[in-house]
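Structure file run_21.txt (compact mmCIF, C-alpha atoms and all ligand atoms) is printed below.
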# COMPACT_ATOMS: atom_id res chain seq x y z
CA MET A 1 33.99 -3.89 -80.18
CA LEU A 2 30.59 -3.32 -78.56
CA ALA A 3 28.04 -5.83 -79.85
CA ALA A 4 24.37 -6.26 -79.04
CA GLU A 5 23.08 -9.70 -79.99
CA ALA A 6 19.29 -9.91 -80.21
CA LEU A 7 18.57 -7.83 -77.10
CA THR A 8 14.87 -8.48 -76.58
CA PHE A 9 12.68 -6.18 -74.53
CA ALA A 10 9.03 -5.12 -74.25
CA HIS A 11 7.60 -2.26 -72.19
CA PRO A 12 4.51 -3.14 -70.15
CA GLY A 13 1.61 -3.57 -72.57
CA GLN A 14 3.86 -3.73 -75.65
CA THR A 15 2.80 -6.68 -77.81
CA ALA A 16 5.73 -6.89 -80.31
CA PRO A 17 9.03 -6.77 -78.38
CA TYR A 18 12.11 -4.89 -79.56
CA ARG A 19 14.88 -7.10 -80.86
CA PHE A 20 18.09 -5.08 -81.17
CA SER A 21 21.36 -6.23 -82.79
CA PHE A 22 24.22 -3.93 -83.72
CA THR A 23 27.99 -3.49 -83.51
CA ALA A 24 29.89 -0.33 -82.57
CA ALA A 25 33.65 -0.12 -83.09
CA PRO A 26 36.14 1.71 -80.85
CA GLY A 27 37.11 5.18 -82.02
CA GLU A 28 33.93 5.45 -84.08
CA VAL A 29 30.52 7.08 -83.76
CA THR A 30 27.60 4.72 -84.39
CA ALA A 31 24.40 6.65 -85.10
CA ILE A 32 20.90 5.47 -84.25
CA SER A 33 17.94 7.19 -85.86
CA GLY A 34 14.22 6.54 -86.15
CA PRO A 35 10.93 8.32 -85.66
CA SER A 36 9.69 9.56 -82.31
CA GLY A 37 8.58 6.63 -80.17
CA SER A 38 10.49 4.06 -82.25
CA GLY A 39 12.62 2.95 -79.28
CA LYS A 40 15.88 4.93 -79.46
CA SER A 41 15.94 5.86 -75.76
CA THR A 42 14.87 2.32 -74.88
CA LEU A 43 17.96 1.02 -76.70
CA LEU A 44 20.26 3.40 -74.78
CA ASP A 45 18.58 2.39 -71.50
CA LEU A 46 19.27 -1.28 -72.30
CA ILE A 47 22.95 -0.52 -72.97
CA ALA A 48 23.25 1.61 -69.82
CA GLY A 49 21.50 -1.05 -67.73
CA PHE A 50 18.45 1.00 -66.66
CA LEU A 51 16.29 -1.59 -68.45
CA LYS A 52 16.91 -5.35 -68.46
CA PRO A 53 16.35 -7.32 -71.68
CA SER A 54 14.53 -10.63 -71.43
CA THR A 55 17.06 -12.36 -73.72
CA GLY A 56 20.18 -11.55 -75.73
CA ARG A 57 23.76 -10.53 -75.03
CA LEU A 58 25.61 -7.22 -74.82
CA LEU A 59 29.30 -7.81 -75.33
CA LEU A 60 32.21 -5.40 -74.92
CA ASP A 61 35.34 -7.06 -76.29
CA GLY A 62 33.78 -10.42 -75.50
CA THR A 63 32.64 -9.65 -71.93
CA ASP A 64 28.88 -9.70 -71.32
CA LEU A 65 27.78 -6.43 -69.68
CA LEU A 66 24.23 -7.58 -68.91
CA PRO A 67 24.98 -9.03 -65.46
CA LEU A 68 26.45 -5.66 -64.40
CA GLU A 69 24.41 -3.01 -62.57
CA PRO A 70 24.39 0.41 -64.31
CA GLU A 71 27.03 1.89 -62.00
CA HIS A 72 29.43 -0.93 -62.81
CA ARG A 73 29.05 -0.74 -66.58
CA PRO A 74 31.83 0.99 -68.56
CA VAL A 75 29.26 3.45 -69.88
CA SER A 76 28.79 7.25 -69.74
CA LEU A 77 25.55 8.92 -70.79
CA LEU A 78 25.09 12.46 -72.08
CA LEU A 79 21.59 13.88 -72.59
CA GLN A 80 20.24 16.86 -74.51
CA SER A 81 20.57 19.03 -71.37
CA ASP A 82 20.61 18.91 -67.57
CA ASN A 83 23.85 16.95 -67.44
CA LEU A 84 25.41 19.22 -64.80
CA PHE A 85 24.75 20.25 -61.22
CA ASP A 86 23.99 23.95 -61.70
CA HIS A 87 24.91 24.88 -58.13
CA LEU A 88 28.48 23.56 -58.56
CA SER A 89 31.33 25.16 -60.49
CA ALA A 90 32.41 23.79 -63.87
CA GLY A 91 35.48 22.29 -62.21
CA ARG A 92 33.49 20.56 -59.45
CA ASN A 93 31.19 19.07 -62.07
CA VAL A 94 34.19 17.71 -63.97
CA ALA A 95 35.77 16.37 -60.77
CA LEU A 96 32.71 14.15 -60.25
CA GLY A 97 34.24 11.98 -62.97
CA LEU A 98 37.26 11.14 -60.78
CA PRO A 99 37.44 8.10 -58.51
CA HIS A 100 36.69 8.74 -54.83
CA GLY A 101 39.83 9.46 -52.85
CA THR A 102 41.77 11.17 -55.65
CA ALA A 103 44.27 13.48 -53.94
CA ARG A 104 43.26 17.14 -54.18
CA SER A 105 46.30 18.37 -56.11
CA ASP A 106 46.02 15.45 -58.54
CA ALA A 107 42.29 16.14 -58.97
CA GLU A 108 42.90 19.82 -59.70
CA ARG A 109 45.52 18.94 -62.30
CA GLN A 110 43.30 16.40 -64.03
CA VAL A 111 40.28 18.74 -64.02
CA ARG A 112 42.40 21.53 -65.54
CA ALA A 113 43.72 19.20 -68.25
CA ALA A 114 40.23 17.88 -69.08
CA LEU A 115 38.79 21.40 -69.33
CA GLU A 116 41.70 22.35 -71.58
CA GLU A 117 41.07 19.35 -73.82
CA VAL A 118 37.44 20.43 -74.39
CA GLY A 119 38.42 24.05 -75.05
CA LEU A 120 37.38 25.55 -71.71
CA THR A 121 40.74 26.55 -70.27
CA GLY A 122 40.38 28.80 -67.23
CA LEU A 123 36.68 28.17 -66.62
CA ALA A 124 37.05 25.80 -63.63
CA ALA A 125 35.72 28.29 -61.08
CA GLN A 126 32.72 29.46 -63.11
CA PRO A 127 29.32 28.39 -61.73
CA ALA A 128 27.72 25.85 -64.08
CA ALA A 129 24.47 27.86 -64.03
CA THR A 130 26.20 30.73 -65.83
CA LEU A 131 27.63 28.63 -68.72
CA SER A 132 26.15 28.61 -72.23
CA GLY A 133 24.45 25.46 -73.53
CA GLY A 134 27.50 24.55 -75.61
CA GLN A 135 29.88 25.15 -72.69
CA LYS A 136 27.72 22.91 -70.49
CA GLN A 137 27.97 20.06 -72.98
CA ARG A 138 31.76 20.55 -73.10
CA VAL A 139 31.96 20.39 -69.29
CA ALA A 140 29.95 17.15 -69.38
CA LEU A 141 32.38 15.79 -71.99
CA ALA A 142 35.32 16.79 -69.76
CA ARG A 143 33.74 14.78 -66.91
CA THR A 144 33.36 11.86 -69.33
CA LEU A 145 37.08 12.12 -70.11
CA LEU A 146 37.95 11.66 -66.43
CA ARG A 147 35.50 8.76 -66.04
CA ALA A 148 37.48 7.01 -68.79
CA ARG A 149 34.75 4.54 -69.71
CA GLU A 150 34.83 2.80 -73.06
CA VAL A 151 31.23 3.41 -74.11
CA LEU A 152 29.69 6.88 -74.55
CA LEU A 153 25.93 7.11 -75.08
CA LEU A 154 24.63 10.40 -76.49
CA ASP A 155 20.87 11.08 -76.56
CA GLU A 156 20.22 14.07 -78.86
CA PRO A 157 23.20 15.92 -77.31
CA PHE A 158 23.18 18.80 -79.81
CA SER A 159 19.44 19.46 -79.99
CA ALA A 160 19.41 22.45 -77.66
CA LEU A 161 22.34 24.19 -79.40
CA ASP A 162 22.38 26.86 -82.13
CA ASP A 163 23.83 25.83 -85.51
CA GLU A 164 27.38 27.05 -85.00
CA THR A 165 27.69 25.64 -81.47
CA ARG A 166 26.15 22.41 -82.70
CA ARG A 167 28.84 22.05 -85.37
CA SER A 168 31.74 22.75 -83.01
CA THR A 169 30.38 20.48 -80.24
CA ARG A 170 29.80 17.75 -82.81
CA ALA A 171 33.39 18.09 -84.07
CA LEU A 172 34.64 17.80 -80.47
CA VAL A 173 32.68 14.57 -79.95
CA GLY A 174 34.27 13.15 -83.11
CA THR A 175 37.77 14.15 -82.02
CA LEU A 176 37.42 12.78 -78.46
CA THR A 177 35.87 9.54 -79.70
CA GLU A 178 38.78 8.93 -82.05
CA ARG A 179 41.49 10.04 -79.62
CA HIS A 180 40.23 7.99 -76.67
CA GLY A 181 38.92 4.99 -78.59
CA TRP A 182 35.39 5.40 -77.25
CA HIS A 183 32.53 3.33 -78.65
CA THR A 184 30.19 6.29 -79.11
CA VAL A 185 26.50 5.57 -79.74
CA LEU A 186 24.68 8.69 -80.90
CA VAL A 187 20.90 8.96 -81.00
CA SER A 188 19.93 11.79 -83.34
CA HIS A 189 16.98 12.86 -85.44
CA HIS A 190 19.26 15.02 -87.57
CA ALA A 191 20.61 13.71 -90.86
CA ASP A 192 23.46 16.25 -90.78
CA ASP A 193 24.70 14.93 -87.40
CA VAL A 194 24.75 11.43 -88.83
CA ALA A 195 26.51 12.54 -92.02
CA ALA A 196 29.12 14.58 -90.13
CA LEU A 197 29.97 12.07 -87.43
CA ALA A 198 28.84 8.51 -88.02
CA ALA A 199 30.97 5.65 -89.27
CA ARG A 200 27.92 3.37 -88.95
CA HIS A 201 24.25 4.17 -89.01
CA TYR A 202 21.28 2.08 -87.91
CA ARG A 203 17.61 3.00 -88.25
CA ILE A 204 15.01 1.51 -85.96
CA GLU A 205 12.36 -0.07 -88.12
CA ALA A 206 9.54 -2.19 -86.75
CA GLY A 207 11.40 -2.72 -83.48
CA GLU A 208 14.70 -3.82 -85.05
CA LEU A 209 17.91 -2.07 -86.10
CA ALA A 210 18.46 -1.90 -89.86
CA GLU A 211 21.95 -0.86 -90.99
CA GLU A 212 22.02 2.03 -93.46
CA GLN A 213 24.70 3.18 -95.86
CA VAL A 214 26.66 6.10 -94.38
CA VAL A 215 27.06 9.11 -96.63
CA SER A 216 29.71 11.22 -94.93
CA SER A 217 30.04 14.98 -95.15
CA PRO A 218 32.92 17.04 -93.72
N1 LIG A 301 8.19 3.04 -68.99
C1 LIG A 301 7.46 2.79 -70.08
N2 LIG A 301 6.31 2.07 -70.00
C2 LIG A 301 5.58 1.80 -71.09
N3 LIG A 301 5.91 2.22 -72.33
C3 LIG A 301 7.03 2.97 -72.47
C4 LIG A 301 7.86 3.28 -71.36
N4 LIG A 301 8.90 4.01 -71.81
C5 LIG A 301 8.73 4.15 -73.14
N5 LIG A 301 7.61 3.53 -73.54
C6 LIG A 301 7.09 3.45 -74.92
O1 LIG A 301 8.07 2.78 -75.72
C7 LIG A 301 8.14 3.38 -77.00
C8 LIG A 301 9.56 3.80 -77.28
O2 LIG A 301 9.92 4.88 -76.45
P1 LIG A 301 11.36 5.56 -76.56
O3 LIG A 301 11.40 6.67 -75.57
O4 LIG A 301 12.40 4.52 -76.48
O5 LIG A 301 11.30 6.14 -78.05
P2 LIG A 301 12.25 7.20 -78.78
O6 LIG A 301 12.51 6.67 -80.14
O7 LIG A 301 13.44 7.48 -77.92
O8 LIG A 301 11.30 8.47 -78.85
P3 LIG A 301 11.67 10.05 -78.91
O9 LIG A 301 12.40 10.28 -80.20
O10 LIG A 301 10.33 10.70 -78.90
O11 LIG A 301 12.49 10.35 -77.69
C9 LIG A 301 7.14 4.53 -77.02
O12 LIG A 301 5.97 4.05 -77.62
C10 LIG A 301 6.93 4.82 -75.56
O13 LIG A 301 5.64 5.33 -75.32
Spell out the structure here as C-alpha cells.
Ligand SMILES: Nc1ncnc2c1ncn2[C@@H]1O[C@H](COP(=O)(O)OP(=O)(O)OP(=O)(O)O)[C@@H](O)[C@H]1O
Amino acid sequence: MLAAEALTFAHPGQTAPYRFSFTAAPGEVTAISGPSGSGKSTLLDLIAGFLKPSTGRLLLDGTDLLPLEPEHRPVSLLLQSDNLFDHLSAGRNVALGLPHGTARSDAERQVRAALEEVGLTGLAAQPAATLSGGQKQRVALARTLLRAREVLLLDEPFSALDDETRRSTRALVGTLTERHGWHTVLVSHHADDVAALAARHYRIEAGELAEEQVVSSP
C-alpha cells in the first residue's frame, strides 16, 4: 500500500499550504482530479521527490520514501507527451528502463518481450520520432515495465490522444497495473478516464484530498 500521511507543502508565496493524505493499493488505479491550478502536479512532484514536503510521511508498505532522492524512489512518471528520446529507436527508448550492465542479448530479449506486452511487436527498430502519439505512450509503458518500480505516476497521459487511442491506451494501463501490482496514481481532468480506470478517486479541494465515490463504467 502507498500511503501519504499529511504531506504538507507550500510553494513560495503560498499562504495556505497543501496538506495531502491518501492511500493507493497495489494493482489499482487511484485517480486524482481537481481544477487547473489546484495542486495535482504538485502532489505528483511530492511523491516523485522533485519537491520536499515540510512535514508528513509517504509510506510504501511501511517504508518512508521521503528520505530517498528521486532517482532512488520506486517511482516511474509518465507525462502527457515528450516521454521519449525522439532521436532513438523505440527499442533503445525501452532499453533505458534496464539496469546498467545488462548483457546485450538479455537486453534485446527483454525489450522484445516488453514491446510485445504493450502491443508493439516488431517495432523495436523504428525511430521514436516516427511513432504515433498512442504508440509513443505504449513505448513509455514498455520502458516502465522494465524499470519494474512499484509506483506509476501518470500526469494526463491520454490528453494528447484521439478518442479511440485514448480508450485502448487507458485499457492497457489498467491491464498492466493489475498484472504487475503497480500502485498507479492517475491525474486526469476527464471523468470518463476516472470512471473507466479508477478503483479510488480523490478530488483536490481547498488544498486537501477529498475521497469521492467511484462510479465505474466498462
Ligand atoms: N514553482 C512554483 N512556484 C510558485 N508557485 C507554483 C510553482 N509551481 C506551481 N505553483 C502554483 O501552485 C499551484 C498548483 O500548481 P499545479 O501545477 O500543482 O496545479 P495543477 O492542478 O497540476 O494544474 P493544471 O491542471 O493546470 O496542470 C498553482 O497555483 C501554481 O501556480
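Interatomic distance, atom C9 of ligand LIG 301 (chain A) against atom CA of Pro157 of chain A: 19.7 Å.
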Counting all atoms listed in the file, what are the residues of chain A within 7 Å of ligand LIG 301 (chain A), and for each of them which pair of atoms is the nearest and at what distance in Å, to one decimal? Sort the table by chain and rising number, as a Markdown table.
| residue | atom | partner | partner_atom | distance |
| --- | --- | --- | --- | --- |
| A:His11 | CA | A:LIG301 | C2 | 4.7 |
| A:Pro12 | CA | A:LIG301 | C2 | 5.1 |
| A:Gly13 | CA | A:LIG301 | C2 | 6.8 |
| A:Gly34 | CA | A:LIG301 | O6 | 6.2 |
| A:Pro35 | CA | A:LIG301 | O6 | 6.0 |
| A:Ser36 | CA | A:LIG301 | O9 | 3.5 |
| A:Gly37 | CA | A:LIG301 | O5 | 3.5 |
| A:Ser38 | CA | A:LIG301 | O6 | 3.9 |
| A:Gly39 | CA | A:LIG301 | O4 | 3.2 |
| A:Lys40 | CA | A:LIG301 | O7 | 3.9 |
| A:Ser41 | CA | A:LIG301 | O7 | 3.7 |
| A:Thr42 | CA | A:LIG301 | O4 | 3.7 |
| A:Leu43 | CA | A:LIG301 | O4 | 6.6 |
Would you compute the distance between atom CA of Gly56 of chain A and atom CA of His180 of chain A? Give it in Å to one decimal.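 Spanning atom CA of Gly56 of chain A to atom CA of His180 of chain A is a straight-line distance of 28.0 Å.
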Residues of segment 117-139 of chain A that approach segment 82-86 of chain A to 12 Å or less, counting all atoms listed in the file: could you list each one with the shortest pair of atoms and its distance in Å to one decimal, rows by chain and increasing residue number, as a Markdown table?
| residue | atom | partner | partner_atom | distance |
| --- | --- | --- | --- | --- |
| A:Gln126 | CA | A:Asp86 | CA | 10.4 |
| A:Pro127 | CA | A:Asp86 | CA | 6.9 |
| A:Ala128 | CA | A:Asp86 | CA | 4.8 |
| A:Ala129 | CA | A:Asp86 | CA | 4.6 |
| A:Thr130 | CA | A:Asp86 | CA | 8.2 |
| A:Leu131 | CA | A:Asp86 | CA | 9.2 |
| A:Ser132 | CA | A:Asp86 | CA | 11.7 |
| A:Gly133 | CA | A:Asp82 | CA | 9.7 |
| A:Gly134 | CA | A:Asn83 | CA | 11.7 |
| A:Gln135 | CA | A:Leu84 | CA | 10.8 |
| A:Lys136 | CA | A:Leu84 | CA | 7.2 |
| A:Gln137 | CA | A:Asn83 | CA | 7.6 |
| A:Arg138 | CA | A:Asn83 | CA | 10.4 |
| A:Val139 | CA | A:Leu84 | CA | 8.0 |
Show me the residues close to (33.2, 6.1, -87.6) - anything with an atom within 7 Å, counting all atoms listed in the file - and format the list as a PyMOL selection string. chain A and resi 27-30+197-200
Could you give me segment 86-99 of chain A completed to N, CA and C atoms, formatted as a JSON list (two decimals), in the frame of the given file?
[["chain", "number", "residue", "atom", "x", "y", "z"],
["A", 86, "ASP", "N", 23.88, 22.50, -61.47],
["A", 86, "ASP", "CA", 23.99, 23.95, -61.70],
["A", 86, "ASP", "C", 24.60, 24.69, -60.52],
["A", 87, "HIS", "N", 24.43, 24.14, -59.30],
["A", 87, "HIS", "CA", 24.91, 24.88, -58.13],
["A", 87, "HIS", "C", 26.41, 24.67, -57.90],
["A", 88, "LEU", "N", 27.04, 23.78, -58.69],
["A", 88, "LEU", "CA", 28.48, 23.56, -58.56],
["A", 88, "LEU", "C", 29.22, 24.30, -59.68],
["A", 89, "SER", "N", 30.52, 24.54, -59.45],
["A", 89, "SER", "CA", 31.33, 25.16, -60.49],
["A", 89, "SER", "C", 31.57, 24.16, -61.62],
["A", 90, "ALA", "N", 32.05, 24.67, -62.75],
["A", 90, "ALA", "CA", 32.41, 23.79, -63.87],
["A", 90, "ALA", "C", 33.41, 22.74, -63.41],
["A", 91, "GLY", "N", 34.42, 23.20, -62.67],
["A", 91, "GLY", "CA", 35.48, 22.29, -62.21],
["A", 91, "GLY", "C", 34.96, 21.19, -61.29],
["A", 92, "ARG", "N", 34.05, 21.57, -60.37],
["A", 92, "ARG", "CA", 33.49, 20.56, -59.45],
["A", 92, "ARG", "C", 32.66, 19.54, -60.22],
["A", 93, "ASN", "N", 31.95, 20.00, -61.24],
["A", 93, "ASN", "CA", 31.19, 19.07, -62.07],
["A", 93, "ASN", "C", 32.13, 18.08, -62.77],
["A", 94, "VAL", "N", 33.24, 18.59, -63.28],
["A", 94, "VAL", "CA", 34.19, 17.71, -63.97],
["A", 94, "VAL", "C", 34.80, 16.72, -62.98],
["A", 95, "ALA", "N", 35.12, 17.22, -61.78],
["A", 95, "ALA", "CA", 35.77, 16.37, -60.77],
["A", 95, "ALA", "C", 34.91, 15.18, -60.35],
["A", 96, "LEU", "N", 33.58, 15.28, -60.58],
["A", 96, "LEU", "CA", 32.71, 14.15, -60.25],
["A", 96, "LEU", "C", 33.07, 12.90, -61.07],
["A", 97, "GLY", "N", 33.81, 13.11, -62.16],
["A", 97, "GLY", "CA", 34.24, 11.98, -62.97],
["A", 97, "GLY", "C", 35.43, 11.22, -62.40],
["A", 98, "LEU", "N", 36.06, 11.79, -61.35],
["A", 98, "LEU", "CA", 37.26, 11.14, -60.78],
["A", 98, "LEU", "C", 36.88, 10.10, -59.74],
["A", 99, "PRO", "N", 37.71, 9.08, -59.57],
["A", 99, "PRO", "CA", 37.44, 8.10, -58.51],
["A", 99, "PRO", "C", 37.48, 8.77, -57.14]]
